[in-house]
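Asks: Just dropping this structure here.
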Amino acid sequence: MTRLFDEHIKRAVQSLDGAWKFATDPDNRGDSERWQRGIPNAQTVIVPSVWNTQLGLLEYEGVAWYERQFFSHGGTLRFVFGAVMTESRVYLDGEEIGYHYGGFCPFELIVRDVTSGEHRLTVRVDNSFDEQSIPQALVDWYHCGGIIRSVSVERLEGVSILSNRVEYELSDDLCELNLRVALELYNASEKEIKDTIRVSVAGADFEFESLLKAGECKEEFTNAVKITDFSLWSAENPALYDVKISTSSDDLFDRVGFRKICVSDGKILLNGSEYRIRGVNRHEDHPDFGFAFPSALMRRDIDIAVDMGCNSLRGAHYPNNPAFVDMLDERGITFWSEIPIWGVGFEESVLLDPVVIRRGEEMHREMVKHYYNHPSIIIWGMHNEILSDTVAGLEMTKKYYSLLKEIGGNRIVTYASNKALSDISFEYCDIICLNQYNGWYEGDIESWGKFIEDFRAYRSKLGFDNKPVIMSEFGGAAVYGHRNFETYRWSEEYQARLLSHCLNLFLGDPMMVGTYIWQFCDVRTSYEAGISRARGYNNKGLLNEYRNPKASFFAVKEIYRNITKQTKTF
């Protein structure tokens with residue numbers, strides 16, 4: 001599943017999910033032996049999936065090959081991959097048709113003049129990591145590999161719509177929209193075509209003609225119009241509007257919601273009202289499915305988060321499945337989406353590497369392109385726990401901040417810092433977000449008060465007294481079922497005590513505008529990457545990996561839900 005609704009009616013779309021041939025290539029022989037023309041000794045696997053859930057492949061890192069036969073009537077074909085971990089080369093009938101780097105965003109490849117008949121699609125997947133990787137080799141989640149989201153092939157005819165972006169500005173009184181739609185058009189035919197483009201959104205109808213040469217791809221814009229008859233998207237009323245785009249031969253359907261998010265006078269304002277975040281960090285991971293997370297379980301995770309009193313989630317540390325974000329759109333739950341630049345391993349030399357910088361920029365552009373219309377996304381995250389106390393970290397932050405403010409639409413742009421008292425990059429974020437683990441990695445529970453006061457003084461020294469703060473990560477681990485009377489570390493009681501202390505401290509501080517607890521559920525992490533984790537899991541979840549609640553879940557629920565009762569905007 002890619003979205004919660006059909007994106008096309010006219011366009012012929014064939015799902016390629018299901019049975020694929022598969023083989024690992026630990027010695028990297030596939031290229032020289034031309035496996036793109038047929039994989040030897042292949043087994044059958046189901047796509048989407050990760051190979052790490054197969055027996056014997058839990059810790060496999062390297063190259064693997066996938067192959068799928070399919071029938072097509074030919075013409076111009078567009079192959080759509082929901083996500084592939086992490087680097088992929090794609091072949092059609094043995095010939096390379098494209099390359100993509102990055103594991104968590106969709107990508108598409110267009111092939112012209114395909115003959116009618118049976119065809120072979122082959123994908124060479126590599127999830128290995130080096131000094132130029134995003135993320136780096138050492139991360140606190142599991143380096144799964146595979147085709148983790150849906151694959152489809154589309155037959156394009158005539159002038160086709162590849163993507164859309166609904167750009168809008170709300171008036172100061174929030175009663176009027178100034179709106180236009182950006183379209184990526186492609187001529188799939190063998191001749192120049194002039195076609196009529198029709199767009200409908202929120203009661204506004206646009207119609208214009210576009211002339212494209214054979215094989216040409218270009219961006220077109222509708223005229224800007226003012227709209228007054230609409231509802232704002234909010235938690236109480238998550239109003240969504242269909243976007244309908246068509247040509248004589250093609251169509252595209254999407255959804256959008258209208259809302260205004262900003263930071264003003266030390267507060268987050270959503271549609272002009274103070275919005276305080278009650279959140280949790282969530283990995284899109286499950287021990288039985290890895291990153292190939294089933295849509296039914298997405299819905300259940302959201303239900304659990306809402307029951308706990310959350311109004312926001314952070315997609316730690318990568319773009320989540322578009323269907324999951326669709327669900328958040330429908331529920332009025334806000335979302336922080338970021339790319340997988342996760343600090344450990346990103347030394348200064350890596351942060352300055354032009355290949356790394358370029359890959360990070362491409363990932364940001366992809367994330368914005370594919371998730372732009374989602375109203376639930378109120379925060380773009382640039383990176384997490386890099387060396388933001390160095391000039392290299394400062395320069396990367398400045399570059400990405402400028403990029404996202406330019407292309408990202410109406411969003412807060414930030415990053416999560418673990419350098420609270422030495423960070424030199426806070427100028428380039430709309431909200432200061434802090435990752436700190438007093439009571440677990442350093443200090444004791446009672447040291448939190450001093451940390452907050454020390455940071456308040458540092459913020460003032462930097463001249464950012466009016467820049468609000470989110471505690472973007474905090475917490476401690478508990479092994480599910482480990483209970484005791486003495487609240488020892490690793491017990492459910494200690495975790496519940498730590499989180500209760502933190503929430504009561506943070507939520508009552510006027511400097512703080514929200515919290516994201518680390519984390520929603522336990523997730524598998526590396527066994528041998530130098531991170532000490534009981535069971536091979538990061539056990540800081542409020543739930544275990546199978547979503548069974550720990551004592552901390554109920555402690556957090558009591559605090560979050562009591563705050564919900566006190567004020568509708570918190």
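Letters A, B, ... go to the chains of the structure tokens in the order shown; residues in each chain start at 1; ligands are counted from 1 in the same order.
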Per DSSP on the backbone, what are the strand (DSSP E or B) residues of range 29-148 of chain A, as a count of residues only?
Replies: 57
Asks: Pick out the residues sitting within 7 Å of Cys429 in chain A, and hand them over as a ChimeraX atom specification; count only C-alpha atoms, and ignore anything fewer than 6 positions along from it in its own chain.
Replies: /A:401,413-415
Asks: Can you pull out every residue within 12 Å of Lys191 in chain A, counting only C-alpha atoms, but drop anything in the same chain fewer than 5 positions away, and send it as a PDB file with N, CA and C atoms, in the first residue's frame?
Replies:
```pdb
ATOM      1  N   GLU A 157       0.510   7.531 -20.908  1.00  0.00           N
ATOM      2  CA  GLU A 157       0.062   7.866 -22.257  1.00  0.00           C
ATOM      3  C   GLU A 157      -0.140   9.365 -22.364  1.00  0.00           C
ATOM      4  N   GLY A 158       0.329   9.941 -23.453  1.00  0.00           N
ATOM      5  CA  GLY A 158       0.130  11.356 -23.688  1.00  0.00           C
ATOM      6  C   GLY A 158       0.762  12.214 -22.607  1.00  0.00           C
ATOM      7  N   VAL A 159       0.136  13.373 -22.332  1.00  0.00           N
ATOM      8  CA  VAL A 159       0.628  14.249 -21.281  1.00  0.00           C
ATOM      9  C   VAL A 159       0.220  13.660 -19.930  1.00  0.00           C
ATOM     10  N   LEU A 211       2.010  22.809 -23.775  1.00  0.00           N
ATOM     11  CA  LEU A 211       2.631  22.218 -24.963  1.00  0.00           C
ATOM     12  C   LEU A 211       3.939  21.565 -24.560  1.00  0.00           C
ATOM     13  N   LEU A 212       4.055  20.266 -24.834  1.00  0.00           N
ATOM     14  CA  LEU A 212       5.272  19.536 -24.484  1.00  0.00           C
ATOM     15  C   LEU A 212       5.789  18.777 -25.689  1.00  0.00           C
ATOM     16  N   LYS A 213       7.107  18.812 -25.888  1.00  0.00           N
ATOM     17  CA  LYS A 213       7.739  18.015 -26.908  1.00  0.00           C
ATOM     18  C   LYS A 213       7.755  16.548 -26.483  1.00  0.00           C
ATOM     19  N   ALA A 214       7.994  15.664 -27.392  1.00  0.00           N
ATOM     20  CA  ALA A 214       8.067  14.236 -27.085  1.00  0.00           C
ATOM     21  C   ALA A 214       9.141  13.984 -26.031  1.00  0.00           C
ATOM     22  N   GLY A 215       8.772  13.326 -24.945  1.00  0.00           N
ATOM     23  CA  GLY A 215       9.723  12.998 -23.883  1.00  0.00           C
ATOM     24  C   GLY A 215      10.055  14.143 -22.962  1.00  0.00           C
ATOM     25  N   GLU A 216       9.440  15.308 -23.163  1.00  0.00           N
ATOM     26  CA  GLU A 216       9.764  16.474 -22.325  1.00  0.00           C
ATOM     27  C   GLU A 216       9.087  16.380 -20.960  1.00  0.00           C
TER      28      GLU A 216
END
```
Asks: Could you build a table of the residues in range 115-199 of chain A lying no more than 10 Å from range 342-353 of chain A, giving for each the nearest pair of atoms and their separation in Å rounded to one decimal place, using only C-alpha atoms, ordered by chain and ascending residue number, as CSV?
Replies:
```
residue,atom,partner,partner_atom,distance
A:Asp130,CA,A:Gly345,CA,9.9
A:Glu131,CA,A:Val350,CA,6.8
A:Gln132,CA,A:Val350,CA,6.8
A:Ser133,CA,A:Val350,CA,9.2
A:Ile134,CA,A:Trp342,CA,8.1
A:Pro135,CA,A:Trp342,CA,6.2
A:Gln136,CA,A:Gly345,CA,5.7
A:Ala137,CA,A:Gly345,CA,7.2
A:Leu138,CA,A:Gly345,CA,6.4
A:Val139,CA,A:Val344,CA,6.8
A:Asp140,CA,A:Trp342,CA,8.8
```
Asks: Contacts of Leu156 in chain A at 12 Å or less, counting only C-alpha atoms, minus same-chain residues fewer than 3 places along, as a compact mmCIF listing (two decimals) with N, CA, C and O atoms, in the first residue's frame?
Replies:
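For reference, part_38.txt as written:
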```txt
# COMPACT_ATOMS: atom_id res chain seq x y z
N HIS A 8 -4.94 7.08 -9.17
CA HIS A 8 -5.23 7.14 -10.60
C HIS A 8 -6.49 6.34 -10.92
O HIS A 8 -6.78 5.33 -10.29
N LYS A 10 -7.65 6.82 -14.74
CA LYS A 10 -7.33 6.63 -16.16
C LYS A 10 -6.04 5.83 -16.35
O LYS A 10 -5.96 4.97 -17.24
N ARG A 11 -5.04 6.11 -15.54
CA ARG A 11 -3.73 5.50 -15.74
C ARG A 11 -3.75 4.01 -15.38
O ARG A 11 -4.26 3.64 -14.32
N ALA A 12 -3.18 3.20 -16.21
CA ALA A 12 -3.08 1.76 -15.93
C ALA A 12 -1.95 1.53 -14.94
O ALA A 12 -0.79 1.85 -15.22
N VAL A 13 -2.29 0.99 -13.79
CA VAL A 13 -1.32 0.75 -12.72
C VAL A 13 -1.35 -0.73 -12.35
O VAL A 13 -2.41 -1.30 -12.07
N GLN A 14 -0.19 -1.37 -12.37
CA GLN A 14 -0.09 -2.78 -12.01
C GLN A 14 0.82 -2.93 -10.80
O GLN A 14 1.98 -2.50 -10.82
N SER A 72 3.42 -6.61 -19.86
CA SER A 72 3.01 -5.24 -20.13
C SER A 72 2.63 -5.11 -21.59
O SER A 72 3.20 -5.78 -22.46
N HIS A 73 1.66 -4.21 -21.84
CA HIS A 73 1.30 -3.90 -23.24
C HIS A 73 2.31 -2.97 -23.87
O HIS A 73 2.19 -2.63 -25.05
N GLY A 74 3.31 -2.54 -23.09
CA GLY A 74 4.41 -1.77 -23.65
C GLY A 74 4.12 -0.28 -23.69
O GLY A 74 3.18 0.23 -23.08
N GLY A 75 4.96 0.44 -24.43
CA GLY A 75 4.86 1.89 -24.50
C GLY A 75 5.82 2.54 -23.52
O GLY A 75 6.95 2.08 -23.33
N THR A 76 5.35 3.61 -22.87
CA THR A 76 6.16 4.30 -21.87
C THR A 76 5.75 3.81 -20.49
O THR A 76 4.59 3.97 -20.08
N LEU A 77 6.69 3.21 -19.78
CA LEU A 77 6.41 2.63 -18.46
C LEU A 77 7.13 3.43 -17.37
O LEU A 77 8.27 3.87 -17.56
N ARG A 78 6.44 3.58 -16.27
CA ARG A 78 7.00 4.27 -15.10
C ARG A 78 7.02 3.28 -13.94
O ARG A 78 5.97 2.80 -13.50
N PHE A 79 8.21 2.96 -13.47
CA PHE A 79 8.37 2.04 -12.35
C PHE A 79 8.47 2.85 -11.06
O PHE A 79 9.31 3.74 -10.94
N LEU A 109 11.24 5.60 -12.06
CA LEU A 109 12.09 5.50 -13.25
C LEU A 109 11.18 5.32 -14.46
O LEU A 109 10.29 4.47 -14.46
N ILE A 110 11.41 6.13 -15.51
CA ILE A 110 10.58 6.08 -16.71
C ILE A 110 11.39 5.46 -17.85
O ILE A 110 12.54 5.84 -18.10
N VAL A 111 10.77 4.52 -18.55
CA VAL A 111 11.40 3.85 -19.69
C VAL A 111 10.46 3.98 -20.89
O VAL A 111 9.28 3.63 -20.79
N ARG A 112 10.97 4.44 -21.98
CA ARG A 112 10.18 4.62 -23.19
C ARG A 112 10.36 3.46 -24.16
O ARG A 112 11.31 2.69 -24.06
N ASP A 113 9.41 3.31 -25.06
CA ASP A 113 9.49 2.35 -26.18
C ASP A 113 9.65 0.91 -25.71
O ASP A 113 10.41 0.11 -26.29
N VAL A 114 8.95 0.56 -24.65
CA VAL A 114 8.96 -0.83 -24.17
C VAL A 114 8.02 -1.65 -25.05
O VAL A 114 6.89 -1.23 -25.35
N VAL A 153 4.17 -0.76 -11.57
CA VAL A 153 4.54 -0.28 -12.89
C VAL A 153 3.31 0.39 -13.49
O VAL A 153 2.20 -0.15 -13.43
N VAL A 159 0.14 13.37 -22.33
CA VAL A 159 0.63 14.25 -21.28
C VAL A 159 0.22 13.66 -19.93
O VAL A 159 -0.96 13.53 -19.63
N SER A 160 1.23 13.31 -19.12
CA SER A 160 0.99 12.63 -17.84
C SER A 160 1.41 13.53 -16.69
O SER A 160 2.32 14.36 -16.82
N ILE A 161 0.74 13.36 -15.55
CA ILE A 161 1.04 14.15 -14.35
C ILE A 161 1.88 13.30 -13.42
O ILE A 161 1.43 12.27 -12.92
N LEU A 162 3.12 13.71 -13.20
CA LEU A 162 4.02 12.92 -12.36
C LEU A 162 3.91 13.29 -10.88
O LEU A 162 4.06 12.44 -10.01
N LEU A 185 4.75 17.78 -15.30
CA LEU A 185 4.12 17.15 -16.47
C LEU A 185 5.17 16.46 -17.33
O LEU A 185 6.32 16.91 -17.43
N TYR A 186 4.74 15.38 -17.98
CA TYR A 186 5.65 14.60 -18.83
C TYR A 186 4.89 14.14 -20.07
O TYR A 186 3.76 13.64 -19.98
N ASN A 187 5.52 14.29 -21.21
CA ASN A 187 4.92 13.83 -22.46
C ASN A 187 5.45 12.43 -22.77
O ASN A 187 6.60 12.25 -23.17
N ALA A 188 4.59 11.44 -22.61
CA ALA A 188 4.99 10.04 -22.80
C ALA A 188 4.90 9.60 -24.25
O ALA A 188 5.31 8.47 -24.57
N SER A 189 4.38 10.45 -25.14
CA SER A 189 4.17 10.04 -26.52
C SER A 189 5.42 10.29 -27.37
O SER A 189 6.42 10.83 -26.90
N GLU A 190 5.31 9.96 -28.66
CA GLU A 190 6.42 10.12 -29.58
C GLU A 190 6.29 11.38 -30.42
O GLU A 190 7.03 11.57 -31.40
N GLY A 215 8.77 13.33 -24.94
CA GLY A 215 9.72 13.00 -23.88
C GLY A 215 10.06 14.14 -22.96
O GLY A 215 10.86 13.98 -22.04
N THR A 247 -5.57 15.22 -17.56
CA THR A 247 -5.35 15.60 -18.94
C THR A 247 -6.26 14.72 -19.78
O THR A 247 -7.07 13.96 -19.22
N SER A 248 -6.16 14.78 -21.08
CA SER A 248 -7.02 13.95 -21.92
C SER A 248 -6.69 12.47 -21.78
O SER A 248 -7.54 11.61 -22.08
N SER A 249 -5.48 12.15 -21.28
CA SER A 249 -5.06 10.75 -21.23
C SER A 249 -4.63 10.28 -19.84
O SER A 249 -4.32 9.10 -19.67
N ASP A 250 -4.62 11.17 -18.85
CA ASP A 250 -4.03 10.79 -17.56
C ASP A 250 -4.73 11.55 -16.43
O ASP A 250 -5.50 12.51 -16.66
N ASP A 251 -4.45 11.10 -15.20
CA ASP A 251 -5.01 11.78 -14.03
C ASP A 251 -4.13 11.53 -12.82
O ASP A 251 -3.25 10.65 -12.82
N LEU A 252 -4.35 12.31 -11.79
CA LEU A 252 -3.66 12.16 -10.52
C LEU A 252 -4.55 12.70 -9.43
O LEU A 252 -5.10 13.80 -9.56
```
Asks: I want to know what sits within 7 Å of Glu176 in chain A, based on only C-alpha atoms, with residues of the same chain fewer than 3 positions away left out; could you give that as a PyMOL selection string?
Replies: chain A and resi 170-171+226-228
Asks: Which residues are close to Ile261 in chain A, i.e. within 7 Å by only C-alpha atoms, leaving aside same-chain residues fewer than 5 positions away? Reply as a ChimeraX atom specification.
Replies: /A:269-271,378,410-411
Asks: Leaving out Gly514 in chain A and any residue of its chain fewer than 2 positions from it, which residues lie within 7 Å of it when counting only C-alpha atoms, given as a PyMOL selection string?
Replies: chain A and resi 276-278+470-471+512
Asks: Could you save the residues just selected, with N, CA, C and O atoms, as a compact mmCIF listing (two decimals), in the first residue's frame?
Replies:
```
# COMPACT_ATOMS: atom_id res chain seq x y z
N ARG A 276 0.79 23.19 22.12
CA ARG A 276 1.86 22.57 22.92
C ARG A 276 1.88 21.08 22.62
O ARG A 276 0.85 20.41 22.64
N ILE A 277 3.07 20.58 22.37
CA ILE A 277 3.23 19.22 21.86
C ILE A 277 3.32 18.21 22.98
O ILE A 277 4.12 18.36 23.91
N ARG A 278 2.49 17.20 22.89
CA ARG A 278 2.59 16.01 23.74
C ARG A 278 2.94 14.85 22.81
O ARG A 278 2.06 14.29 22.16
N ILE A 470 11.88 22.51 22.71
CA ILE A 470 11.22 21.20 22.80
C ILE A 470 12.23 20.20 23.34
O ILE A 470 13.37 20.16 22.88
N MET A 471 11.83 19.40 24.31
CA MET A 471 12.66 18.26 24.72
C MET A 471 12.35 17.13 23.75
O MET A 471 11.32 16.46 23.84
N MET A 512 9.50 25.69 27.69
CA MET A 512 9.23 24.49 26.92
C MET A 512 7.88 24.58 26.21
O MET A 512 6.89 24.98 26.81
```
Asks: Just the number, please: distance in Å from CA of Pro340 in chain A to CA of His364 in chain A, one decimal.
Replies: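 Computed distance, CA of Pro340 in chain A to CA of His364 in chain A, equals 10.0 Å.
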Asks: For Ser337 in chain A, which residue out of A:Gln436, A:Met511, A:Phe104, A:Phe5 is the nearest one, using only C-alpha atoms?
Replies: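 With only C-alpha atoms as the atom set, the closest residue is A:Phe104.
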Asks: Could you tell me which of A:Trp141, A:Val181, A:Tyr66, A:Asp307 comes closest to Arg533 in chain A if we count only C-alpha atoms?
Replies: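 Checking each of A:Trp141, A:Val181, A:Tyr66, A:Asp307 against Arg533 in chain A, counting only C-alpha atoms, the winner is A:Trp141.
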